[in-house]
Amino acid sequence: MLSITLLSCSSNETVEEIEESVSLKYPKDILSVFQQHGGISAWNSMNTLSYEFENEGSVEKQTIDLKSRKIRIEQERFNIGFDGNEVWVQQLNTNNYEGDARFYHNLYFYFYAMPFVLADEGIEYEVAESLVVDSIEYPGIKISYNQNVGDSPEDNYILYYNKETKQAEWLGYTVTYFNGKPSEELHYLQFESWQKVNGLLLPETLTWYNLDLENNTKEERGEMIFNNVDLSSERLSDSLFLKPKGV
């Protein structure tokens with residue numbers, strides 16, 4: 001009984017130490033959002049994420065190693081992967097992939113893994129001006145990146161959340177990948193619905209809008225629905241992400 005008690009105390013102390021270190025690492029407002037969505041410690045215990053969505057008439061599956069950020073994208077027209085060093089494209093039919101695979105390979109992962117990707121290393125946080133949509137005010141947290149972090153360190157994100165529940169509601173973001181220059185132009189998407197996956201609250205539907213903030217109006221531009229989501233602590237073989245022979 002003594003040994004069981006000691007083990008129990010040790011376990012509880014370890015959990016408390018982890019939670020305390022997490023609390024010290026992030027500002028209170030972003031930490032509250034993480035906690036509302038299941039907790040950053042729970043997210044960090046996961047290793048593999050996969051989901052599907054419709055892309056130009058095809059079902060696209062994306063599988064991500066959450067620690068290395070290696071990724072494999074599969075659909076009927078092409079496969080795209082990132083093996084940790086380079087992005088590769090495998091054509092599967094005569095319709096050549098004409099996009100920028102480097103830009104595309106983690107684009108939807110970053111939107112889908114909100115808010116937890118905002119706990120990545122090299123991020124700076126500050127309070128942003130609130131967003132008002134349909135006469136509802138959403139407090140904002142601005143996210144910027146240290147130099148040499150990711151492919152687009154000049155990108156900025158603003159996460160807007162429900163001030164009562166602390167749940168993420170809107171995301172404002174800039175796109176600087178193609179010219180590498182800072183931008184003040186924000187694009188907006190709304191987290192229309194959420195789904196519980198392995199104890200964590202992740203997006204189900206993302207909807208992009210043109211927002212006229214002066215007149216408090218919005219115009220829908222499109223939506224994306226995520227299906228067959230799997231989030232696991234198991235790790236997949238690195239071979240899944242390797243460039244196929246002949247590519």
# chains A, B, ... in the order shown; residues from 1 in each chain; ligands from 1

$ residues_around --residues "Ser130 in chain A" --least-positions-apart "5" --cutoff "6 Å" --atoms "only C-alpha atoms" --output "VMD selection string"
chain A and resid 138 to 140

$ write_last_selection --atoms "N, CA, C and O atoms" --output "compact mmCIF listing (two decimals), in the first residue's frame"
# COMPACT_ATOMS: atom_id res chain seq x y z
N TYR A 138 -15.36 39.41 -30.68
CA TYR A 138 -14.46 38.29 -30.40
C TYR A 138 -13.06 38.83 -30.08
O TYR A 138 -12.42 39.46 -30.93
N PRO A 139 -12.55 38.61 -28.86
CA PRO A 139 -11.19 39.03 -28.54
C PRO A 139 -10.19 38.32 -29.46
O PRO A 139 -10.44 37.20 -29.93
N GLY A 140 -9.05 38.96 -29.71
CA GLY A 140 -8.07 38.41 -30.64
C GLY A 140 -6.69 38.22 -30.03
O GLY A 140 -6.28 38.96 -29.14

$ residues_around --residues "Val59 in chain A" --least-positions-apart "2" --cutoff "10 Å" --atoms "only C-alpha atoms" --output "VMD selection string"
chain A and resid 52 to 57 61 74 to 76 227

$ select_by_dssp --residues "range 50-153 of chain A" --states "helix (DSSP H, G or I)" --output "compact mmCIF listing (two decimals) with N, CA and C atoms, in the first residue's frame"
# COMPACT_ATOMS: atom_id res chain seq x y z
N ALA A 101 3.57 22.93 -54.91
CA ALA A 101 3.46 21.86 -53.92
C ALA A 101 4.07 22.25 -52.58
N ARG A 102 5.11 23.05 -52.61
CA ARG A 102 5.75 23.48 -51.35
C ARG A 102 4.76 24.33 -50.53
N PHE A 103 4.05 25.21 -51.22
CA PHE A 103 3.05 26.05 -50.55
C PHE A 103 1.87 25.22 -50.08
N TYR A 104 1.45 24.26 -50.92
CA TYR A 104 0.22 23.53 -50.66
C TYR A 104 0.36 22.44 -49.60
N LEU A 107 -0.76 23.48 -46.14
CA LEU A 107 -1.71 24.58 -46.07
C LEU A 107 -2.94 24.23 -45.24
N TYR A 108 -3.61 23.15 -45.58
CA TYR A 108 -4.85 22.80 -44.88
C TYR A 108 -4.59 22.16 -43.52
N PHE A 109 -3.45 21.51 -43.37
CA PHE A 109 -3.09 21.01 -42.05
C PHE A 109 -3.03 22.16 -41.05
N TYR A 110 -2.41 23.26 -41.47
CA TYR A 110 -2.25 24.38 -40.53
C TYR A 110 -3.60 24.95 -40.13
N PHE A 111 -4.53 25.05 -41.08
CA PHE A 111 -5.86 25.52 -40.73
C PHE A 111 -6.59 24.50 -39.85
N TYR A 112 -6.46 23.22 -40.22
CA TYR A 112 -7.21 22.19 -39.51
C TYR A 112 -6.71 22.00 -38.08
N PHE A 116 -4.10 24.29 -31.98
CA PHE A 116 -2.90 23.70 -31.37
C PHE A 116 -1.60 24.01 -32.10
N VAL A 117 -1.65 24.26 -33.42
CA VAL A 117 -0.41 24.63 -34.12
C VAL A 117 0.11 25.98 -33.63
N LEU A 118 -0.72 26.72 -32.94
CA LEU A 118 -0.27 28.00 -32.40
C LEU A 118 0.52 27.83 -31.11
N ALA A 119 0.84 26.59 -30.79
CA ALA A 119 1.73 26.30 -29.66
C ALA A 119 3.13 25.93 -30.15

$ select_by_dssp --residues "range 177-239 of chain A" --states "strand (DSSP E)" --output "ChimeraX atom specification"
/A:187-197,200-212,217-225,227-232

$ residues_around --residues "Glu192 in chain A" --least-positions-apart "5" --cutoff "8 Å" --atoms "only C-alpha atoms" --output "PyMOL selection string"
chain A and resi 169+203-207

$ write_last_selection --atoms "all heavy atoms" --output "JSON list (two decimals), in the first residue's frame"
[["chain", "number", "residue", "atom", "x", "y", "z"],
["A", 169, "GLU", "N", -13.23, 30.85, -32.70],
["A", 169, "GLU", "CA", -14.38, 31.15, -33.55],
["A", 169, "GLU", "C", -13.97, 31.59, -34.95],
["A", 169, "GLU", "O", -14.56, 31.16, -35.93],
["A", 169, "GLU", "CB", -15.22, 32.25, -32.91],
["A", 169, "GLU", "CG", -15.84, 31.87, -31.56],
["A", 169, "GLU", "CD", -17.05, 30.96, -31.72],
["A", 169, "GLU", "OE1", -17.49, 30.72, -32.86],
["A", 169, "GLU", "OE2", -17.56, 30.47, -30.68],
["A", 203, "PRO", "N", -11.62, 21.11, -35.83],
["A", 203, "PRO", "CA", -12.62, 21.63, -36.77],
["A", 203, "PRO", "C", -13.33, 20.52, -37.56],
["A", 203, "PRO", "O", -12.74, 19.50, -37.89],
["A", 203, "PRO", "CB", -11.80, 22.51, -37.72],
["A", 203, "PRO", "CG", -10.58, 22.88, -36.94],
["A", 203, "PRO", "CD", -10.28, 21.68, -36.09],
["A", 204, "GLU", "N", -14.58, 20.75, -37.85],
["A", 204, "GLU", "CA", -15.35, 19.91, -38.77],
["A", 204, "GLU", "C", -15.62, 20.66, -40.07],
["A", 204, "GLU", "O", -15.46, 20.13, -41.15],
["A", 204, "GLU", "CB", -16.66, 19.48, -38.14],
["A", 204, "GLU", "CG", -17.50, 18.59, -39.05],
["A", 204, "GLU", "CD", -18.77, 18.13, -38.38],
["A", 204, "GLU", "OE1", -19.47, 18.98, -37.78],
["A", 204, "GLU", "OE2", -19.07, 16.91, -38.43],
["A", 205, "THR", "N", -16.01, 21.93, -39.93],
["A", 205, "THR", "CA", -16.28, 22.74, -41.11],
["A", 205, "THR", "C", -15.58, 24.09, -40.99],
["A", 205, "THR", "O", -15.71, 24.78, -39.99],
["A", 205, "THR", "CB", -17.79, 23.00, -41.27],
["A", 205, "THR", "OG1", -18.49, 21.76, -41.29],
["A", 205, "THR", "CG2", -18.08, 23.76, -42.56],
["A", 206, "LEU", "N", -14.81, 24.43, -42.04],
["A", 206, "LEU", "CA", -14.19, 25.74, -42.15],
["A", 206, "LEU", "C", -14.89, 26.49, -43.27],
["A", 206, "LEU", "O", -15.12, 25.95, -44.35],
["A", 206, "LEU", "CB", -12.70, 25.63, -42.49],
["A", 206, "LEU", "CG", -11.81, 24.82, -41.55],
["A", 206, "LEU", "CD1", -10.37, 24.82, -42.06],
["A", 206, "LEU", "CD2", -11.87, 25.38, -40.14],
["A", 207, "THR", "N", -15.23, 27.76, -43.02],
["A", 207, "THR", "CA", -15.88, 28.58, -44.04],
["A", 207, "THR", "C", -15.10, 29.88, -44.20],
["A", 207, "THR", "O", -14.84, 30.58, -43.22],
["A", 207, "THR", "CB", -17.33, 28.90, -43.66],
["A", 207, "THR", "OG1", -18.03, 27.68, -43.39],
["A", 207, "THR", "CG2", -18.04, 29.63, -44.80]]

$ atom_distance --atom1 "CA of Gly199 in chain A" --atom2 "CA of Arg235 in chain A"
18.1 Å

$ closest_atom_pairs --of "range 80-148 of chain A" --to "range 24-35 of chain A" --cutoff "12 Å" --atoms "only C-alpha atoms" --output "Markdown table"
| residue | atom | partner | partner_atom | distance |
| --- | --- | --- | --- | --- |
| A:Ala113 | CA | A:Phe34 | CA | 11.5 |
| A:Met114 | CA | A:Phe34 | CA | 9.4 |
| A:Pro115 | CA | A:Phe34 | CA | 6.7 |
| A:Phe116 | CA | A:Phe34 | CA | 6.7 |
| A:Val117 | CA | A:Phe34 | CA | 10.1 |
| A:Leu118 | CA | A:Ile30 | CA | 8.5 |
| A:Ala119 | CA | A:Tyr26 | CA | 7.9 |
| A:Asp120 | CA | A:Tyr26 | CA | 10.6 |
| A:Glu121 | CA | A:Lys25 | CA | 10.4 |
| A:Gly122 | CA | A:Lys25 | CA | 11.8 |
| A:Ile123 | CA | A:Tyr26 | CA | 10.0 |
| A:Glu124 | CA | A:Tyr26 | CA | 9.6 |
| A:Tyr125 | CA | A:Pro27 | CA | 7.5 |
| A:Glu126 | CA | A:Pro27 | CA | 8.6 |
| A:Val127 | CA | A:Asp29 | CA | 8.8 |
| A:Ala128 | CA | A:Asp29 | CA | 11.3 |
| A:Pro139 | CA | A:Asp29 | CA | 9.3 |
| A:Gly140 | CA | A:Asp29 | CA | 9.1 |
| A:Ile141 | CA | A:Ile30 | CA | 7.2 |
| A:Lys142 | CA | A:Ile30 | CA | 9.9 |
| A:Ile143 | CA | A:Ile30 | CA | 10.1 |

$ write_last_selection --atoms "N, CA and C atoms" --output "short mmCIF file (atom, residue, chain, number, x, y, z; two decimals), in the first residue's frame"
data_model
loop_
_atom_site.label_atom_id
_atom_site.label_comp_id
_atom_site.auth_asym_id
_atom_site.auth_seq_id
_atom_site.Cartn_x
_atom_site.Cartn_y
_atom_site.Cartn_z
N ALA A 113 -5.43 22.10 -37.86
CA ALA A 113 -4.85 21.82 -36.54
C ALA A 113 -4.95 23.01 -35.58
N MET A 114 -5.73 24.01 -35.96
CA MET A 114 -6.01 25.11 -35.04
C MET A 114 -6.84 24.59 -33.87
N PRO A 115 -6.63 25.10 -32.65
CA PRO A 115 -5.67 26.14 -32.30
C PRO A 115 -4.28 25.61 -31.93
N PHE A 116 -4.10 24.29 -31.98
CA PHE A 116 -2.90 23.70 -31.37
C PHE A 116 -1.60 24.01 -32.10
N VAL A 117 -1.65 24.26 -33.42
CA VAL A 117 -0.41 24.63 -34.12
C VAL A 117 0.11 25.98 -33.63
N LEU A 118 -0.72 26.72 -32.94
CA LEU A 118 -0.27 28.00 -32.40
C LEU A 118 0.52 27.83 -31.11
N ALA A 119 0.84 26.59 -30.79
CA ALA A 119 1.73 26.30 -29.66
C ALA A 119 3.13 25.93 -30.15
N ASP A 120 3.37 26.01 -31.47
CA ASP A 120 4.67 25.65 -32.02
C ASP A 120 5.78 26.54 -31.47
N GLU A 121 7.01 26.04 -31.57
CA GLU A 121 8.16 26.82 -31.14
C GLU A 121 8.36 28.01 -32.09
N GLY A 122 8.97 29.07 -31.56
CA GLY A 122 9.31 30.23 -32.38
C GLY A 122 8.17 31.20 -32.62
N ILE A 123 7.12 31.12 -31.79
CA ILE A 123 5.96 31.99 -31.95
C ILE A 123 5.96 33.10 -30.89
N GLU A 124 5.56 34.30 -31.33
CA GLU A 124 5.37 35.43 -30.42
C GLU A 124 3.88 35.74 -30.34
N TYR A 125 3.40 36.08 -29.14
CA TYR A 125 1.99 36.34 -28.92
C TYR A 125 1.79 37.79 -28.46
N GLU A 126 0.69 38.38 -28.92
CA GLU A 126 0.29 39.69 -28.39
C GLU A 126 -1.22 39.85 -28.55
N VAL A 127 -1.77 40.73 -27.74
CA VAL A 127 -3.21 40.99 -27.81
C VAL A 127 -3.52 41.77 -29.08
N ALA A 128 -4.56 41.33 -29.81
CA ALA A 128 -4.97 42.00 -31.04
C ALA A 128 -6.31 42.70 -30.83
N PRO A 139 -12.55 38.61 -28.86
CA PRO A 139 -11.19 39.03 -28.54
C PRO A 139 -10.19 38.32 -29.46
N GLY A 140 -9.05 38.96 -29.71
CA GLY A 140 -8.07 38.41 -30.64
C GLY A 140 -6.69 38.22 -30.03
N ILE A 141 -6.00 37.21 -30.52
CA ILE A 141 -4.61 36.95 -30.14
C ILE A 141 -3.78 36.94 -31.42
N LYS A 142 -2.82 37.84 -31.53
CA LYS A 142 -1.98 37.91 -32.73
C LYS A 142 -0.77 36.99 -32.58
N ILE A 143 -0.51 36.24 -33.63
CA ILE A 143 0.61 35.30 -33.64
C ILE A 143 1.57 35.71 -34.74
#

$ atom_distance --atom1 "CA of Thr165 in chain A" --atom2 "CA of Ile40 in chain A"
16.8 Å

$ residues_around --residues "Val197 in chain A" --least-positions-apart "4" --cutoff "8 Å" --atoms "only C-alpha atoms" --output "VMD selection string"
chain A and resid 201 to 202 229 to 231

$ write_last_selection --atoms "all heavy atoms" --output "PDB file, in the first residue's frame"
ATOM      1  N   LEU A 201     -10.966  18.861 -29.324  1.00  0.00           N
ATOM      2  CA  LEU A 201     -11.957  19.531 -30.160  1.00  0.00           C
ATOM      3  C   LEU A 201     -11.268  20.106 -31.391  1.00  0.00           C
ATOM      4  O   LEU A 201     -10.492  21.057 -31.297  1.00  0.00           O
ATOM      5  CB  LEU A 201     -12.633  20.642 -29.357  1.00  0.00           C
ATOM      6  CG  LEU A 201     -13.951  21.198 -29.886  1.00  0.00           C
ATOM      7  CD1 LEU A 201     -15.011  20.095 -29.971  1.00  0.00           C
ATOM      8  CD2 LEU A 201     -14.435  22.335 -28.989  1.00  0.00           C
ATOM      9  N   LEU A 202     -11.554  19.493 -32.563  1.00  0.00           N
ATOM     10  CA  LEU A 202     -10.928  19.876 -33.821  1.00  0.00           C
ATOM     11  C   LEU A 202     -11.993  20.318 -34.816  1.00  0.00           C
ATOM     12  O   LEU A 202     -13.158  19.945 -34.699  1.00  0.00           O
ATOM     13  CB  LEU A 202     -10.141  18.691 -34.397  1.00  0.00           C
ATOM     14  CG  LEU A 202      -8.977  18.180 -33.550  1.00  0.00           C
ATOM     15  CD1 LEU A 202      -8.379  16.928 -34.178  1.00  0.00           C
ATOM     16  CD2 LEU A 202      -7.911  19.254 -33.382  1.00  0.00           C
ATOM     17  N   VAL A 229     -11.754  11.608 -39.643  1.00  0.00           N
ATOM     18  CA  VAL A 229     -10.603  12.128 -38.900  1.00  0.00           C
ATOM     19  C   VAL A 229     -10.091  11.071 -37.931  1.00  0.00           C
ATOM     20  O   VAL A 229     -10.870  10.411 -37.240  1.00  0.00           O
ATOM     21  CB  VAL A 229     -10.985  13.404 -38.128  1.00  0.00           C
ATOM     22  CG1 VAL A 229      -9.778  13.950 -37.376  1.00  0.00           C
ATOM     23  CG2 VAL A 229     -11.552  14.452 -39.080  1.00  0.00           C
ATOM     24  N   ASP A 230      -8.782  10.911 -37.884  1.00  0.00           N
ATOM     25  CA  ASP A 230      -8.163   9.984 -36.944  1.00  0.00           C
ATOM     26  C   ASP A 230      -6.979  10.681 -36.284  1.00  0.00           C
ATOM     27  O   ASP A 230      -6.130  11.270 -36.973  1.00  0.00           O
ATOM     28  CB  ASP A 230      -7.691   8.720 -37.666  1.00  0.00           C
ATOM     29  CG  ASP A 230      -7.165   7.675 -36.687  1.00  0.00           C
ATOM     30  OD1 ASP A 230      -7.945   7.188 -35.854  1.00  0.00           O
ATOM     31  OD2 ASP A 230      -5.957   7.361 -36.747  1.00  0.00           O
ATOM     32  N   LEU A 231      -6.937  10.642 -34.975  1.00  0.00           N
ATOM     33  CA  LEU A 231      -5.876  11.261 -34.193  1.00  0.00           C
ATOM     34  C   LEU A 231      -5.372  10.219 -33.212  1.00  0.00           C
ATOM     35  O   LEU A 231      -6.140   9.681 -32.425  1.00  0.00           O
ATOM     36  CB  LEU A 231      -6.406  12.486 -33.449  1.00  0.00           C
ATOM     37  CG  LEU A 231      -5.426  13.290 -32.602  1.00  0.00           C
ATOM     38  CD1 LEU A 231      -4.347  13.923 -33.466  1.00  0.00           C
ATOM     39  CD2 LEU A 231      -6.179  14.366 -31.820  1.00  0.00           C
TER      40      LEU A 231
END

$ residues_around --residues "Asp134 in chain A" --least-positions-apart "5" --cutoff "12 Å" --atoms "only C-alpha atoms" --output "count of residues only"
9

$ residues_around --residues "Ile73 in chain A" --least-positions-apart "5" --cutoff "6 Å" --atoms "only C-alpha atoms" --output "CSV table (one decimal) with C-alpha atoms, in the first residue's frame"
chain,number,residue,atom,x,y,z
A,61,LYS,CA,-6.6,12.3,-47.7
A,62,GLN,CA,-3.8,13.9,-45.7
A,79,ASN,CA,0.2,12.3,-54.4
A,80,ILE,CA,2.2,14.9,-52.6

$ residues_around --residues "Glu185 in chain A" --least-positions-apart "5" --cutoff "9 Å" --atoms "only C-alpha atoms" --output "ChimeraX atom specification"
/A:173-175
